[in-house]
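Okay, structure first, notes after.
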Amino acid sequence: MVLQERQITLLHQYRDKSYVMYVLLERSFEFFSFVKSLCNIPLILTSSAMAILNSSSFDAEKMKTPNIIINGTTAMLLALIGNFKLSEKEQNFKALSIKFMKLTHKIEDDLTNNIETLEGSHIKEHVEYYDTLIEQIDYTFPHHVKNKVKNLYYGKRTLPGILNCEGTEFSMKPDIVNIV
């Protein structure tokens, strides 16, 4: 059975949504990876300083205060990294960005190579898998990343609900079929 035009349009929309989600997740991953790296630099420096100070032949009484300060700084940095769950966010966003890119490629393949043999059930599978991936997002996106991605694709691609349903406007791309 040949797909109807509205079904093909829906497939194009989910291709766009999947791609924009990939970009949103990838940029969020990059942001949290950068923040994690920034937090790790002072941690490396304090640990190195502690190793140097402890291996030197300074008087133990004189080393008490610097040891307390360096140990306290190290503990605080580790607590901040753990509290903000930087590694978990980084891993979650990266893993999901890969899955959304694979979904985008699968939909593109279906649109390009399998359009004659596709059925409504195939489209439903794509939509359900997209929804399953959305449910796997464990953390909120940084606001500035959402704004950048929204501004980048607004009016050019169908936006996912997380970007499209903000504020009072709900944007529908008027001519989605012509964007391939």
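Following the order of the structure tokens, chains are lettered A, B, ..., residues in each are numbered from 1, and ligands are numbered from 1.
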Can you check which parts of stretch 63-155 of chain A lie within 9 Å of stretch 12-18 of chain A? Per residue, the shortest pair of atoms and distance in Å to one decimal, counting only C-alpha atoms, sorted by chain and number, as CSV.
```
residue,atom,partner,partner_atom,distance
A:Phe100,CA,A:Ser18,CA,5.5
A:Met101,CA,A:Ser18,CA,6.9
A:Lys102,CA,A:Ser18,CA,8.9
A:Leu103,CA,A:Ser18,CA,6.7
A:Thr104,CA,A:Arg15,CA,5.3
A:His105,CA,A:Arg15,CA,8.2
A:Lys106,CA,A:Arg15,CA,8.8
A:Ile107,CA,A:Arg15,CA,5.9
A:Glu108,CA,A:Arg15,CA,6.9
A:Leu111,CA,A:His12,CA,8.0
A:His126,CA,A:Tyr14,CA,7.8
A:Val127,CA,A:Tyr14,CA,7.1
A:Tyr130,CA,A:Ser18,CA,7.2
```
Please produce a file of the residues just selected, as a CSV table (one decimal), in the first residue's frame, where the atoms kept are C-alpha atoms.
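Output (part00.csv):
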```csv
chain,number,residue,atom,x,y,z
A,100,PHE,CA,18.8,10.1,17.6
A,101,MET,CA,21.4,10.3,14.8
A,102,LYS,CA,20.8,6.6,14.0
A,103,LEU,CA,17.0,7.2,14.0
A,104,THR,CA,17.5,10.2,11.6
A,105,HIS,CA,19.6,8.0,9.3
A,106,LYS,CA,17.0,5.2,9.4
A,107,ILE,CA,14.2,7.7,8.5
A,108,GLU,CA,16.3,9.2,5.7
A,111,LEU,CA,12.5,8.2,2.6
A,126,HIS,CA,9.7,5.4,14.0
A,127,VAL,CA,7.3,7.6,16.1
A,130,TYR,CA,11.4,8.5,18.9
```
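By chain and then residue number, the residues within 12 Å of A:Leu80 are Val35, Lys36, Leu38, Cys39, Asn40, Leu43, Thr73, Thr74, Ala75, Met76, Leu77, Asn83, Phe84, Lys85, Leu86 and Ser87 of chain A, counting only C-alpha atoms and disregarding those fewer than 3 positions away in sequence.
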Would you give me, as a list in words, the residues in stretch 129-165 of chain A that DSSP reads as alpha helix (DSSP H)? Tyr129, Tyr130, Asp131, Thr132, Leu133, Ile134, Glu135, His143, His144, Val145, Lys146, Asn147, Lys148, Val149, Lys150, Asn151, Leu152, Tyr153, Gly161, Ile162, Leu163 and Asn164 of chain A
With C-alpha atoms retained, export the selected residues as a CSV table (one decimal), in the first residue's frame.
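As written to disk, part_38.csv reads:
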```
chain,number,residue,atom,x,y,z
A,129,TYR,CA,11.1,4.7,19.0
A,130,TYR,CA,11.4,8.5,18.9
A,131,ASP,CA,9.1,8.7,22.0
A,132,THR,CA,11.1,6.0,23.7
A,133,LEU,CA,14.3,8.0,23.2
A,134,ILE,CA,12.6,11.1,24.5
A,135,GLU,CA,11.7,9.2,27.7
A,143,HIS,CA,18.8,27.0,28.6
A,144,HIS,CA,21.4,28.7,26.4
A,145,VAL,CA,21.9,25.5,24.4
A,146,LYS,CA,18.1,25.2,23.8
A,147,ASN,CA,17.9,28.8,22.7
A,148,LYS,CA,20.8,28.4,20.2
A,149,VAL,CA,19.4,25.3,18.7
A,150,LYS,CA,15.9,26.7,18.5
A,151,ASN,CA,17.2,29.9,16.8
A,152,LEU,CA,19.3,27.8,14.4
A,153,TYR,CA,16.4,25.7,13.2
A,161,GLY,CA,8.2,19.6,21.4
A,162,ILE,CA,10.9,20.6,23.9
A,163,LEU,CA,11.8,23.5,21.6
A,164,ASN,CA,8.6,24.1,19.8
```
Tell me, as a ChimeraX atom specification, which residues lie within 10 Å of A:Lys94, counting only C-alpha atoms; anything in the same chain fewer than 3 positions away does not count. /A:22,25-30,33,88-91,97-99
File dump, residues just selected, C-alpha atoms, as a PDB file, in the first residue's frame:
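Saved to selection_14.pdb:
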```pdb
ATOM      1  CA  TYR A  22      20.582  15.002  17.895  1.00  0.00           C
ATOM      2  CA  LEU A  25      21.873  16.490  22.717  1.00  0.00           C
ATOM      3  CA  GLU A  26      25.287  16.778  21.061  1.00  0.00           C
ATOM      4  CA  ARG A  27      25.630  20.443  22.050  1.00  0.00           C
ATOM      5  CA  SER A  28      24.500  19.658  25.593  1.00  0.00           C
ATOM      6  CA  PHE A  29      27.084  16.867  25.737  1.00  0.00           C
ATOM      7  CA  GLU A  30      29.771  19.287  24.536  1.00  0.00           C
ATOM      8  CA  SER A  33      32.075  17.887  28.809  1.00  0.00           C
ATOM      9  CA  GLU A  88      26.244  11.335  34.152  1.00  0.00           C
ATOM     10  CA  LYS A  89      24.820  14.217  32.116  1.00  0.00           C
ATOM     11  CA  GLU A  90      27.692  14.020  29.673  1.00  0.00           C
ATOM     12  CA  GLN A  91      27.208  10.261  29.182  1.00  0.00           C
ATOM     13  CA  SER A  97      22.659  11.880  20.587  1.00  0.00           C
ATOM     14  CA  ILE A  98      24.030   8.774  18.871  1.00  0.00           C
ATOM     15  CA  LYS A  99      20.626   7.052  19.045  1.00  0.00           C
TER      16      LYS A  99
END
```
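Distance check against A:Gln7 using only C-alpha atoms: of A:Leu78, A:Ser121, A:Gln136, A:Gly155, the minimum falls on A:Ser121.
Considering only C-alpha atoms, the residue among A:Ile41, A:Leu24, A:Ile81, A:Ile70 positioned nearest to A:Phe93 is A:Leu24.
The spacing separating atom CA of A:Gly120 from atom CA of A:Tyr19 amounts to 21.1 Å.
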